file protein11.pdb (PDB, C-alpha atoms)
ATOM      1  CA  MET A  27     -38.307 173.448 -49.060
ATOM      2  CA  ASP A  28     -39.141 177.137 -49.598
ATOM      3  CA  ASP A  29     -41.780 178.122 -52.141
ATOM      4  CA  TYR A  30     -39.988 180.729 -54.239
ATOM      5  CA  TYR A  31     -43.142 181.550 -56.193
ATOM      6  CA  SER A  32     -45.107 182.506 -53.086
ATOM      7  CA  LEU A  33     -42.088 184.459 -51.883
ATOM      8  CA  MET A  34     -42.125 186.467 -55.110
ATOM      9  CA  GLY A  35     -45.913 186.669 -55.173
ATOM     10  CA  VAL A  36     -46.230 185.123 -58.649
ATOM     11  CA  GLU A  37     -47.808 182.016 -60.148
ATOM     12  CA  PRO A  38     -45.629 178.934 -60.833
ATOM     13  CA  ASP A  39     -46.114 179.394 -64.598
ATOM     14  CA  ALA A  40     -45.200 183.083 -64.530
ATOM     15  CA  PRO A  41     -42.836 184.218 -67.295
ATOM     16  CA  VAL A  42     -39.389 185.513 -66.404
ATOM     17  CA  ASP A  43     -40.441 189.128 -67.097
ATOM     18  CA  ASP A  44     -43.160 188.926 -64.412
ATOM     19  CA  ILE A  45     -40.769 187.339 -61.946
ATOM     20  CA  ARG A  46     -38.216 190.060 -62.659
ATOM     21  CA  ALA A  47     -40.806 192.778 -62.068
ATOM     22  CA  ALA A  48     -41.893 191.168 -58.787
ATOM     23  CA  TYR A  49     -38.267 190.847 -57.711
ATOM     24  CA  ARG A  50     -37.597 194.502 -58.415
ATOM     25  CA  ASP A  51     -40.694 195.657 -56.572
ATOM     26  CA  LYS A  52     -39.873 193.662 -53.469
ATOM     27  CA  LYS A  53     -36.161 194.451 -53.588
ATOM     28  CA  SER A  54     -36.766 198.179 -53.980
ATOM     29  CA  ALA A  55     -38.625 198.166 -50.667
ATOM     30  CA  ILE A  56     -35.552 196.793 -48.902
ATOM     31  CA  VAL A  57     -33.404 199.890 -48.502
ATOM     32  CA  GLY A  58     -31.747 199.358 -45.145
ATOM     33  CA  ALA A  59     -28.987 197.265 -43.678
ATOM     34  CA  THR A  60     -30.758 195.885 -40.636
ATOM     35  CA  ASP A  61     -30.641 192.173 -39.870
ATOM     36  CA  ALA A  62     -34.191 191.779 -41.153
ATOM     37  CA  ASP A  63     -33.284 193.603 -44.374
ATOM     38  CA  LYS A  64     -30.335 191.311 -44.927
ATOM     39  CA  VAL A  65     -32.434 188.201 -44.371
ATOM     40  CA  ASN A  66     -35.143 189.421 -46.758
ATOM     41  CA  ALA A  67     -32.603 190.390 -49.423
ATOM     42  CA  LYS A  68     -30.913 187.015 -49.142
ATOM     43  CA  LYS A  69     -34.237 185.212 -49.611
ATOM     44  CA  LEU A  70     -35.118 187.286 -52.670
ATOM     45  CA  ASN A  71     -31.686 186.900 -54.249
ATOM     46  CA  LYS A  72     -31.741 183.134 -53.805
ATOM     47  CA  ALA A  73     -35.228 182.884 -55.303
ATOM     48  CA  TRP A  74     -34.298 185.137 -58.228
ATOM     49  CA  ASN A  75     -31.074 183.239 -58.989
ATOM     50  CA  VAL A  76     -33.044 179.992 -59.270
ATOM     51  CA  LEU A  77     -36.141 181.225 -61.092
ATOM     52  CA  SER A  78     -34.237 183.368 -63.598
ATOM     53  CA  ASP A  79     -32.051 180.482 -64.768
ATOM     54  CA  PRO A  80     -33.899 178.060 -67.100
ATOM     55  CA  TYR A  81     -31.938 175.008 -65.995
ATOM     56  CA  GLN A  82     -32.123 175.710 -62.252
ATOM     57  CA  ARG A  83     -35.792 176.623 -62.517
ATOM     58  CA  GLY A  84     -36.587 173.390 -64.339
ATOM     59  CA  ARG A  85     -34.939 171.321 -61.620
ATOM     60  CA  TYR A  86     -36.612 173.392 -58.889
ATOM     61  CA  ASP A  87     -40.026 172.916 -60.518
ATOM     62  CA  GLU A  88     -39.520 169.135 -60.550
ATOM     63  CA  GLN A  89     -38.537 169.096 -56.876
ATOM     64  CA  ARG A  90     -41.379 171.485 -55.969
ATOM     65  CA  ALA A  91     -43.947 169.291 -57.722
ATOM     66  CA  GLN A  92     -42.802 166.295 -55.673
ATOM     67  CA  LYS A  93     -43.050 168.297 -52.445
ATOM     68  CA  VAL A  94     -46.537 169.520 -53.381
ATOM     69  CA  GLU A  95     -47.705 165.928 -53.944
ATOM     70  CA  SER A  96     -46.257 164.795 -50.612
ATOM     71  CA  GLY A  97     -47.556 167.862 -48.781
ATOM     72  CA  GLU A  98     -44.056 168.841 -47.663
ATOM     73  CA  LEU A  99     -43.882 172.212 -49.432
ATOM     74  CA  GLU A 100     -43.335 175.092 -47.045
ATOM     75  CA  GLU A 101     -44.878 178.380 -48.041
ATOM     76  CA  SER A 102     -42.172 180.999 -47.722
ATOM     77  CA  ASP A 103     -42.957 183.971 -45.593
ATOM     78  CA  ASP A 104     -43.422 187.073 -47.645
ATOM     79  CA  VAL A 105     -40.634 189.566 -47.206
ATOM     80  CA  ASP A 106     -41.261 192.610 -45.118
ATOM     81  CA  GLU A 107     -41.730 195.393 -47.610
ATOM     82  CA  THR A 108     -41.715 198.158 -44.994
ATOM     83  CA  PRO A 109     -38.883 200.486 -46.047
ATOM     84  CA  SER A 110     -36.111 200.994 -43.552
ATOM     85  CA  THR A 111     -35.396 204.530 -42.484
ATOM     86  CA  ASN A 112     -31.638 204.592 -42.408
ATOM     87  CA  GLY A 113     -31.425 206.214 -45.852
ATOM     88  CA  ARG A 114     -29.199 203.659 -47.554
ATOM     89  CA  ARG A 115     -29.499 203.032 -51.284
ATOM     90  CA  PRO A 116     -31.476 199.967 -52.398
ATOM     91  CA  ALA A 117     -29.534 196.911 -53.485
ATOM     92  CA  ARG A 118     -28.803 196.692 -57.205
ATOM     93  CA  GLU A 119     -31.623 195.337 -59.349
ATOM     94  CA  PRO A 120     -31.073 192.702 -61.981
ATOM     95  CA  ARG A 121     -29.557 194.327 -65.024
ATOM     96  CA  ALA A 122     -31.916 194.843 -67.927
ATOM     97  CA  GLY A 123     -30.790 193.360 -71.183
ATOM     98  CA  ARG A 124     -30.846 190.005 -72.824
ATOM     99  CA  GLN A 125     -33.628 187.792 -71.503
ATOM    100  CA  PRO A 126     -32.790 184.296 -70.232
ATOM    101  CA  ARG A 127     -33.909 181.623 -72.628
ATOM    102  CA  ALA A 128     -36.923 179.655 -71.525
ATOM    103  CA  PRO A 129     -36.223 175.955 -70.956
ATOM    104  CA  LEU A 130     -36.900 173.886 -74.048
ATOM    105  CA  LYS A 131     -39.723 171.404 -73.733
ATOM    106  CA  PRO A 132     -39.112 167.941 -75.226
ATOM    107  CA  THR A 133     -40.949 167.321 -78.482
ATOM    108  CA  LEU A 134     -40.795 163.549 -78.021
ATOM    109  CA  GLU A 135     -43.466 161.867 -75.934
ATOM    110  CA  LEU A 136     -41.516 159.725 -73.505
ATOM    111  CA  PRO A 137     -43.073 156.530 -72.149
ATOM    112  CA  SER A 138     -44.555 156.730 -68.663
ATOM    113  CA  GLY A 139     -41.926 156.711 -65.936
ATOM    114  CA  MET A 140     -39.057 157.539 -68.325
ATOM    115  CA  THR A 141     -37.030 160.738 -67.936
ATOM    116  CA  LEU A 142     -34.178 162.203 -69.930
ATOM    117  CA  ALA A 143     -30.743 161.876 -68.366
ATOM    118  CA  PRO A 144     -29.719 164.769 -66.095
ATOM    119  CA  ARG A 145     -27.318 167.084 -67.890
ATOM    120  CA  ARG A 146     -24.622 166.796 -65.240
ATOM    121  CA  ASN A 147     -24.647 163.001 -65.319
ATOM    122  CA  ARG A 148     -24.488 162.938 -69.079
ATOM    123  CA  MET A 149     -21.574 165.380 -69.192
ATOM    124  CA  ILE A 150     -19.609 163.357 -66.639
ATOM    125  CA  ALA A 151     -20.342 160.128 -68.531
ATOM    126  CA  MET A 152     -19.186 161.728 -71.771
ATOM    127  CA  GLY A 153     -15.984 162.899 -70.077
ATOM    128  CA  ILE A 154     -15.219 159.394 -68.810
ATOM    129  CA  ASP A 155     -15.794 157.836 -72.224
ATOM    130  CA  LEU A 156     -13.689 160.490 -73.975
ATOM    131  CA  LEU A 157     -10.857 159.811 -71.547
ATOM    132  CA  VAL A 158     -11.006 156.090 -72.329
ATOM    133  CA  LEU A 159     -11.011 156.771 -76.072
ATOM    134  CA  MET A 160      -8.045 159.135 -75.733
ATOM    135  CA  VAL A 161      -6.087 156.428 -73.915
ATOM    136  CA  VAL A 162      -6.954 153.973 -76.688
ATOM    137  CA  PHE A 163      -5.842 156.303 -79.484
ATOM    138  CA  ILE A 164      -2.679 157.473 -77.736
ATOM    139  CA  GLY A 165      -1.759 153.938 -76.782
ATOM    140  CA  CYS A 166      -2.214 152.666 -80.347
ATOM    141  CA  THR A 167      -0.780 155.598 -82.317
ATOM    142  CA  GLN A 168       2.156 156.345 -80.022
ATOM    143  CA  PHE A 169       3.299 153.295 -78.096
ATOM    144  CA  GLY A 170       1.768 150.718 -80.426
ATOM    145  CA  ALA A 171       3.107 152.415 -83.558
ATOM    146  CA  ALA A 172       6.600 152.738 -82.042
ATOM    147  CA  ALA A 173       6.710 149.053 -81.074
ATOM    148  CA  LEU A 174       5.407 147.917 -84.461
ATOM    149  CA  ALA A 175       7.848 150.132 -86.348
ATOM    150  CA  LYS A 176      10.750 148.814 -84.264
ATOM    151  CA  SER A 177       9.836 145.240 -85.082
ATOM    152  CA  GLN A 178       8.879 145.676 -88.760
ATOM    153  CA  LYS A 179      11.272 148.375 -89.946
ATOM    154  CA  PRO A 180      14.162 148.556 -87.465
ATOM    155  CA  GLU A 181      16.561 150.063 -90.024
ATOM    156  CA  VAL A 182      14.239 153.030 -90.573
ATOM    157  CA  VAL A 183      13.832 153.576 -86.830
ATOM    158  CA  ASP A 184      17.600 153.413 -86.328
ATOM    159  CA  GLN A 185      18.156 155.926 -89.128
ATOM    160  CA  ILE A 186      15.604 158.331 -87.622
ATOM    161  CA  THR A 187      17.339 157.989 -84.239
ATOM    162  CA  ALA A 188      20.678 158.761 -85.874
ATOM    163  CA  TYR A 189      19.259 161.860 -87.534
ATOM    164  CA  ASN A 190      17.831 163.011 -84.195
ATOM    165  CA  ASP A 191      21.263 162.659 -82.575
ATOM    166  CA  GLN A 192      22.915 164.597 -85.401
ATOM    167  CA  ILE A 193      20.290 167.346 -85.176
ATOM    168  CA  ASP A 194      20.928 167.657 -81.439
ATOM    169  CA  ALA A 195      24.688 167.891 -82.016
ATOM    170  CA  GLN A 196      24.344 170.539 -84.744
ATOM    171  CA  THR A 197      21.926 172.508 -82.577
ATOM    172  CA  LYS A 198      24.539 172.711 -79.805
ATOM    173  CA  ILE A 199      27.149 173.872 -82.296
ATOM    174  CA  LYS A 200      24.768 176.498 -83.639
ATOM    175  CA  ASP A 201      23.916 177.781 -80.156
ATOM    176  CA  GLU A 202      27.569 178.092 -79.119
ATOM    177  CA  ALA A 203      28.473 179.831 -82.375
ATOM    178  CA  HIS A 204      25.547 182.191 -81.981
ATOM    179  CA  LYS A 205      26.776 183.257 -78.533
ATOM    180  CA  THR A 206      30.184 184.070 -79.988
ATOM    181  CA  ALA A 207      28.806 185.841 -83.067
ATOM    182  CA  LYS A 208      25.868 187.607 -81.416
ATOM    183  CA  ASN A 209      27.370 191.032 -82.216
ATOM    184  CA  ASP A 210      28.113 190.081 -85.835
ATOM    185  CA  LYS A 211      25.495 191.804 -88.009
ATOM    186  CA  ALA A 212      26.575 190.015 -91.176
ATOM    187  CA  LYS A 213      24.181 187.634 -92.884
ATOM    188  CA  CYS A 214      24.839 184.087 -93.954
ATOM    189  CA  GLY A 215      26.922 184.148 -97.156
ATOM    190  CA  ASP A 216      28.452 187.592 -96.556
ATOM    191  CA  ALA A 217      32.173 187.693 -97.275
ATOM    192  CA  ASN A 218      32.868 189.780 -94.179
ATOM    193  CA  ALA A 219      31.144 187.325 -91.796
ATOM    194  CA  THR A 220      33.215 186.199 -88.831
ATOM    195  CA  PRO A 221      34.233 182.520 -88.502
ATOM    196  CA  ALA A 222      31.718 182.109 -85.685
ATOM    197  CA  LYS A 223      28.931 183.507 -87.888
ATOM    198  CA  LYS A 224      29.902 181.166 -90.711
ATOM    199  CA  GLN A 225      29.903 178.228 -88.292
ATOM    200  CA  GLU A 226      26.413 179.224 -87.085
ATOM    201  CA  CYS A 227      25.143 179.411 -90.662
ATOM    202  CA  ASP A 228      26.704 176.063 -91.598
ATOM    203  CA  ALA A 229      25.130 174.390 -88.553
ATOM    204  CA  ASP A 230      21.740 175.880 -89.390
ATOM    205  CA  LYS A 231      21.947 174.519 -92.928
ATOM    206  CA  GLN A 232      22.956 171.105 -91.614
ATOM    207  CA  ILE A 233      19.960 171.088 -89.271
ATOM    208  CA  LYS A 234      17.543 171.883 -92.102
ATOM    209  CA  ASP A 235      19.020 169.146 -94.299
ATOM    210  CA  LEU A 236      18.880 166.606 -91.477
ATOM    211  CA  LYS A 237      15.255 167.447 -90.677
ATOM    212  CA  GLN A 238      14.281 166.905 -94.306
ATOM    213  CA  LYS A 239      16.048 163.538 -94.331
ATOM    214  CA  ARG A 240      14.294 162.595 -91.098
ATOM    215  CA  LEU A 241      10.977 163.590 -92.641
ATOM    216  CA  ASP A 242      11.695 161.349 -95.637
ATOM    217  CA  GLU A 243      12.426 158.422 -93.310
ATOM    218  CA  ASN A 244       9.272 159.072 -91.294
ATOM    219  CA  ALA A 245       7.263 158.858 -94.512
ATOM    220  CA  LYS A 246       8.358 155.223 -94.772
ATOM    221  CA  LEU A 247       6.449 154.553 -91.540
ATOM    222  CA  ASN A 248       3.155 156.100 -92.694
ATOM    223  CA  GLY A 249       1.658 152.698 -93.399
ATOM    224  CA  ILE A 250       2.287 151.581 -89.827
ATOM    225  CA  PHE A 251       0.850 154.824 -88.455
ATOM    226  CA  LEU A 252      -2.332 154.446 -90.547
ATOM    227  CA  LEU A 253      -2.655 150.830 -89.447
ATOM    228  CA  THR A 254      -2.489 151.780 -85.761
ATOM    229  CA  ILE A 255      -5.148 154.474 -86.276
ATOM    230  CA  ALA A 256      -7.393 151.866 -87.894
ATOM    231  CA  VAL A 257      -6.819 149.516 -84.949
ATOM    232  CA  ALA A 258      -7.588 152.337 -82.502
ATOM    233  CA  ALA A 259     -10.819 153.100 -84.365
ATOM    234  CA  LEU A 260     -11.867 149.431 -84.257
ATOM    235  CA  VAL A 261     -11.124 149.125 -80.534
ATOM    236  CA  SER A 262     -13.028 152.352 -79.870
ATOM    237  CA  LEU A 263     -16.072 151.094 -81.765
ATOM    238  CA  LEU A 264     -16.036 147.841 -79.844
ATOM    239  CA  TYR A 265     -15.766 149.749 -76.566
ATOM    240  CA  LEU A 266     -18.769 151.918 -77.441
ATOM    241  CA  ILE A 267     -21.009 149.404 -79.167
ATOM    242  CA  LEU A 268     -20.616 146.052 -77.358
ATOM    243  CA  PRO A 269     -21.550 147.128 -73.802
ATOM    244  CA  SER A 270     -24.211 149.468 -75.204
ATOM    245  CA  ARG A 271     -25.767 146.572 -77.112
ATOM    246  CA  LYS A 272     -25.948 144.533 -73.913
ATOM    247  CA  ALA A 273     -27.203 147.157 -71.445
ATOM    248  CA  GLY A 274     -27.396 150.469 -73.289
ATOM    249  CA  GLN A 275     -24.386 151.693 -71.337
ATOM    250  CA  THR A 276     -20.742 152.463 -71.901
ATOM    251  CA  VAL A 277     -18.466 152.555 -68.852
ATOM    252  CA  GLY A 278     -19.156 156.261 -68.364
ATOM    253  CA  LYS A 279     -22.928 155.835 -68.616
ATOM    254  CA  ARG A 280     -22.880 152.916 -66.206
ATOM    255  CA  PHE A 281     -21.099 154.999 -63.566
ATOM    256  CA  GLN A 282     -23.661 157.781 -64.010
ATOM    257  CA  HIS A 283     -26.696 155.455 -64.139
ATOM    258  CA  ILE A 284     -27.906 156.551 -67.559
ATOM    259  CA  LYS A 285     -28.372 154.621 -70.793
ATOM    260  CA  VAL A 286     -29.115 154.869 -74.519
ATOM    261  CA  VAL A 287     -32.479 153.732 -75.887
ATOM    262  CA  ARG A 288     -34.532 154.300 -79.019
ATOM    263  CA  GLU A 289     -36.828 157.301 -79.185
ATOM    264  CA  ASP A 290     -39.802 155.065 -78.366
ATOM    265  CA  GLY A 291     -38.090 153.789 -75.219
ATOM    266  CA  SER A 292     -37.201 150.339 -76.539
ATOM    267  CA  PRO A 293     -33.608 149.025 -76.228
ATOM    268  CA  ALA A 294     -31.197 150.260 -78.901
ATOM    269  CA  GLY A 295     -30.349 147.604 -81.476
ATOM    270  CA  LEU A 296     -26.998 146.857 -83.045
ATOM    271  CA  MET A 297     -27.628 148.967 -86.153
ATOM    272  CA  ASP A 298     -28.936 151.822 -84.008
ATOM    273  CA  LEU A 299     -25.658 151.834 -82.111
ATOM    274  CA  VAL A 300     -23.603 151.543 -85.297
ATOM    275  CA  ARG A 301     -25.392 154.589 -86.724
ATOM    276  CA  ARG A 302     -24.876 156.415 -83.440
ATOM    277  CA  TYR A 303     -21.185 155.734 -82.878
ATOM    278  CA  ALA A 304     -19.553 154.703 -86.159
ATOM    279  CA  PRO A 305     -19.662 158.145 -87.866
ATOM    280  CA  LEU A 306     -18.069 159.781 -84.820
ATOM    281  CA  VAL A 307     -15.202 157.320 -84.600
ATOM    282  CA  LEU A 308     -14.581 157.037 -88.343
ATOM    283  CA  ILE A 309     -14.594 160.789 -88.956
ATOM    284  CA  SER A 310     -12.225 161.319 -86.019
ATOM    285  CA  ALA A 311      -9.895 158.575 -87.258
ATOM    286  CA  ALA A 312      -9.968 159.904 -90.820
ATOM    287  CA  SER A 313      -9.158 163.402 -89.532
ATOM    288  CA  LEU A 314      -6.054 162.109 -87.762
ATOM    289  CA  MET A 315      -4.859 160.669 -91.074
ATOM    290  CA  THR A 316      -5.013 164.093 -92.742
ATOM    291  CA  PRO A 317      -3.476 167.527 -92.104
ATOM    292  CA  ILE A 318      -6.678 168.807 -90.440
ATOM    293  CA  GLY A 319      -5.991 166.456 -87.511
ATOM    294  CA  ILE A 320      -7.368 167.833 -84.263
ATOM    295  CA  ILE A 321      -9.640 170.288 -86.105
ATOM    296  CA  GLY A 322     -11.696 167.399 -87.442
ATOM    297  CA  VAL A 323     -11.878 165.808 -84.011
ATOM    298  CA  ALA A 324     -13.034 169.134 -82.532
ATOM    299  CA  ALA A 325     -15.776 169.350 -85.167
ATOM    300  CA  VAL A 326     -16.990 165.898 -84.144
ATOM    301  CA  LEU A 327     -17.091 166.944 -80.480
ATOM    302  CA  ILE A 328     -19.134 170.018 -81.362
ATOM    303  CA  GLY A 329     -21.658 167.817 -83.170
ATOM    304  CA  VAL A 330     -21.832 165.440 -80.217
ATOM    305  CA  THR A 331     -22.374 168.212 -77.647
ATOM    306  CA  ARG A 332     -25.232 169.740 -79.624
ATOM    307  CA  TRP A 333     -27.523 167.773 -77.306
ATOM    308  CA  MET A 334     -27.065 170.564 -74.762
ATOM    309  CA  ALA A 335     -29.061 172.945 -76.979
ATOM    310  CA  ASN A 336     -31.654 170.416 -78.148
ATOM    311  CA  ALA A 337     -35.137 170.057 -76.626
ATOM    312  CA  ASN A 338     -34.812 166.269 -76.571
ATOM    313  CA  GLN A 339     -31.136 166.410 -75.546
ATOM    314  CA  GLN A 340     -30.144 164.772 -78.820
ATOM    315  CA  GLY A 341     -26.781 165.392 -80.432
ATOM    316  CA  LEU A 342     -26.322 164.997 -84.175
ATOM    317  CA  HIS A 343     -25.411 161.341 -83.607
ATOM    318  CA  ASP A 344     -28.611 160.798 -81.602
ATOM    319  CA  ARG A 345     -30.756 162.333 -84.320
ATOM    320  CA  LEU A 346     -29.060 160.200 -86.957
ATOM    321  CA  ALA A 347     -29.644 157.017 -84.961
ATOM    322  CA  LYS A 348     -33.004 158.154 -83.482
ATOM    323  CA  THR A 349     -31.823 157.488 -79.958
ATOM    324  CA  ILE A 350     -32.107 159.320 -76.641
ATOM    325  CA  VAL A 351     -30.259 159.100 -73.320
ATOM    326  CA  ILE A 352     -32.389 158.445 -70.238
ATOM    327  CA  GLU A 353     -31.947 157.743 -66.565
ATOM    328  CA  ASP A 354     -31.191 154.078 -65.957
ATOM    329  CA  GLY A 355     -34.225 152.392 -64.486
ATOM    330  CA  GLY A 356     -36.448 155.268 -65.590
ATOM    331  CA  ALA A 357     -38.476 153.031 -67.902
ATOM    332  CA  ALA A 358     -41.066 150.743 -66.466
TER     333      ALA A 358
END

call {"tool": "encode", "arguments": {"input": "protein11.pdb", "output": "structure tokens"}}
result
Amino acid sequence: MDDYYSLMGVEPDAPVDDIRAAYRDKKSAIVGATDADKVNAKKLNKAWNVLSDPYQRGRYDEQRAQKVESGELEESDDVDETPSTNGRRPAREPRAGRQPRAPLKPTLELPSGMTLAPRRNRMIAMGIDLLVLMVVFIGCTQFGAAALAKSQKPEVVDQITAYNDQIDAQTKIKDEAHKTAKNDKAKCGDANATPAKKQECDADKQIKDLKQKRLDENAKLNGIFLLTIAVAALVSLLYLILPSRKAGQTVGKRFQHIKVVREDGSPAGLMDLVRRYAPLVLISAASLMTPIGIIGVAAVLIGVTRWMANANQQGLHDRLAKTIVIEDGGAA
């Protein structure tokens, strides 16, 4: 493993500004296109890309510390700063501007041997769990609602199907009439409108009336739709809470070897998990019952993903429940 700090000639705790200055100084001395120049430039660029990024630098520092303890760290050879003489322009320096944010240090004191879950693992776990929840909601609100409506209110379903067929038929009539009357500039209701234009207008009016009637019939199924959303919310809560109560892991977290615990490292209790998951599921379900729909669900997702910008990697739900997500097996 190369020691990027010795390559740059800076201390391991050097701020990004010092690393940038060292990078520029060393890079400015590499002005040629010889093989040695290319090797040196590649080394510097790789070191700069890692040390200038807070996340990559944090991971590198962890790996470097392990190598230092085991004595496996290789000191990188300093780059040859002797300028080449072929007169080529130096490679571009890092652009001045907004400074990279320093990595946030956790404010919680984790028990010995416990580490926060890696970001990548947590994102993958969250994606798996979201996929499962989407399948649950779609299955309940689409297929489940359709089956329940067919069994409980077949006459309403049949009427809606009939309206759909009539709308399709009138749409075909309208389209054919429109092709014939495409050069007719008259408006609906004009006395000088051609027969084709009148037929197009009549079909359009029929379609609007049929859609309103279909909407009225659909309103009769609102109770079934709300019931299936409630069932989906209950199933989702059980999916999130029951396995988490047993092992601190949903399916996604189990695949990624991470788990939920209390801030002090002890296993999350039932009420901790209810506080963590119930608001997310209930707000999402309530949003689907209102006109805001997907907007409310998106707001919930934003609150959940706030852990990415939090020093303790806690989303709003974590802070409410006072929980954290750690690597599985990280606690002694």

call {"tool": "atom_distance", "arguments": {"input": "protein11.pdb", "atom1": "CA of Val323 in chain A", "atom2": "CA of Phe163 in chain A"}}
result
12.1 Å

call {"tool": "residues_around", "arguments": {"input": "protein11.pdb", "residues": "range 199-206 of chain A", "least_positions_apart": "2", "cutoff": "10 Å", "atoms": "only C-alpha atoms", "output": "ChimeraX atom specification"}}
result
/A:193-197,208-210,220-233

call {"tool": "closest_residue", "arguments": {"input": "protein11.pdb", "among": "A:Ser262, A:Thr254, A:Thr187, A:Ser78", "to": "Ala47 in chain A", "atoms": "only C-alpha atoms"}}
result
A:Ser78

call {"tool": "atom_distance", "arguments": {"input": "protein11.pdb", "atom1": "CA of Ala219 in chain A", "atom2": "CA of Lys198 in chain A"}}
result
20.0 Å

call {"tool": "resolve_selection", "arguments": {"input": "protein11.pdb", "expression": "the PyMOL selection byres ((chain A and resi 351) around 6)", "output": "number ranges by chain"}}
result
A: 143, 285-286, 350, 352

call {"tool": "resolve_selection", "arguments": {"input": "protein11.pdb", "expression": "the PyMOL selection byres ((chain A and resi 314) around 12)", "output": "list in words"}}
result
Phe163, Ile164, Thr167, Phe251, Leu252, Leu253, Thr254, Ile255, Ala256, Ala258, Ala259, Val307, Leu308, Ile309, Ser310, Ala311, Ala312, Ser313, Met315, Thr316, Pro317, Ile318, Gly319, Ile320, Ile321, Gly322, Val323 and Ala324 of chain A

call {"tool": "axis_aligned_box", "arguments": {"input": "protein11.pdb", "around": "range 181-197 of chain A", "padding_each_side": "5 Å", "output": "AutoDock Vina command-line options"}}
result
--center_x 19.3 --center_y 161.3 --center_z -86.0 --size_x 20.9 --size_y 32.4 --size_z 19.1

call {"tool": "closest_residue", "arguments": {"input": "protein11.pdb", "among": "A:Val261, A:Met34, A:Leu296, A:Ile56", "to": "Val161 in chain A", "atoms": "all atoms listed in the file"}}
result
A:Val261

call {"tool": "atom_distance", "arguments": {"input": "protein11.pdb", "atom1": "CA of Ser54 in chain A", "atom2": "CA of Tyr81 in chain A"}}
result
26.5 Å

call {"tool": "closest_residue", "arguments": {"input": "protein11.pdb", "among": "A:Val182, A:Val76, A:Met27, A:Leu70", "to": "Ala55 in chain A", "atoms": "all atoms listed in the file"}}
result
A:Leu70

call {"tool": "closest_residue", "arguments": {"input": "protein11.pdb", "among": "A:Leu142, A:Val158, A:Ile250, A:Ala217", "to": "Gly170 in chain A", "atoms": "only C-alpha atoms"}}
result
A:Ile250

call {"tool": "closest_residue", "arguments": {"input": "protein11.pdb", "among": "A:Ala40, A:Ala347, A:Val277, A:Ala245", "to": "Leu157 in chain A", "atoms": "only C-alpha atoms"}}
result
A:Val277

call {"tool": "closest_residue", "arguments": {"input": "protein11.pdb", "among": "A:Lys237, A:Arg345, A:Lys64, A:Lys279", "to": "Asn147 in chain A", "atoms": "only C-alpha atoms"}}
result
A:Lys279
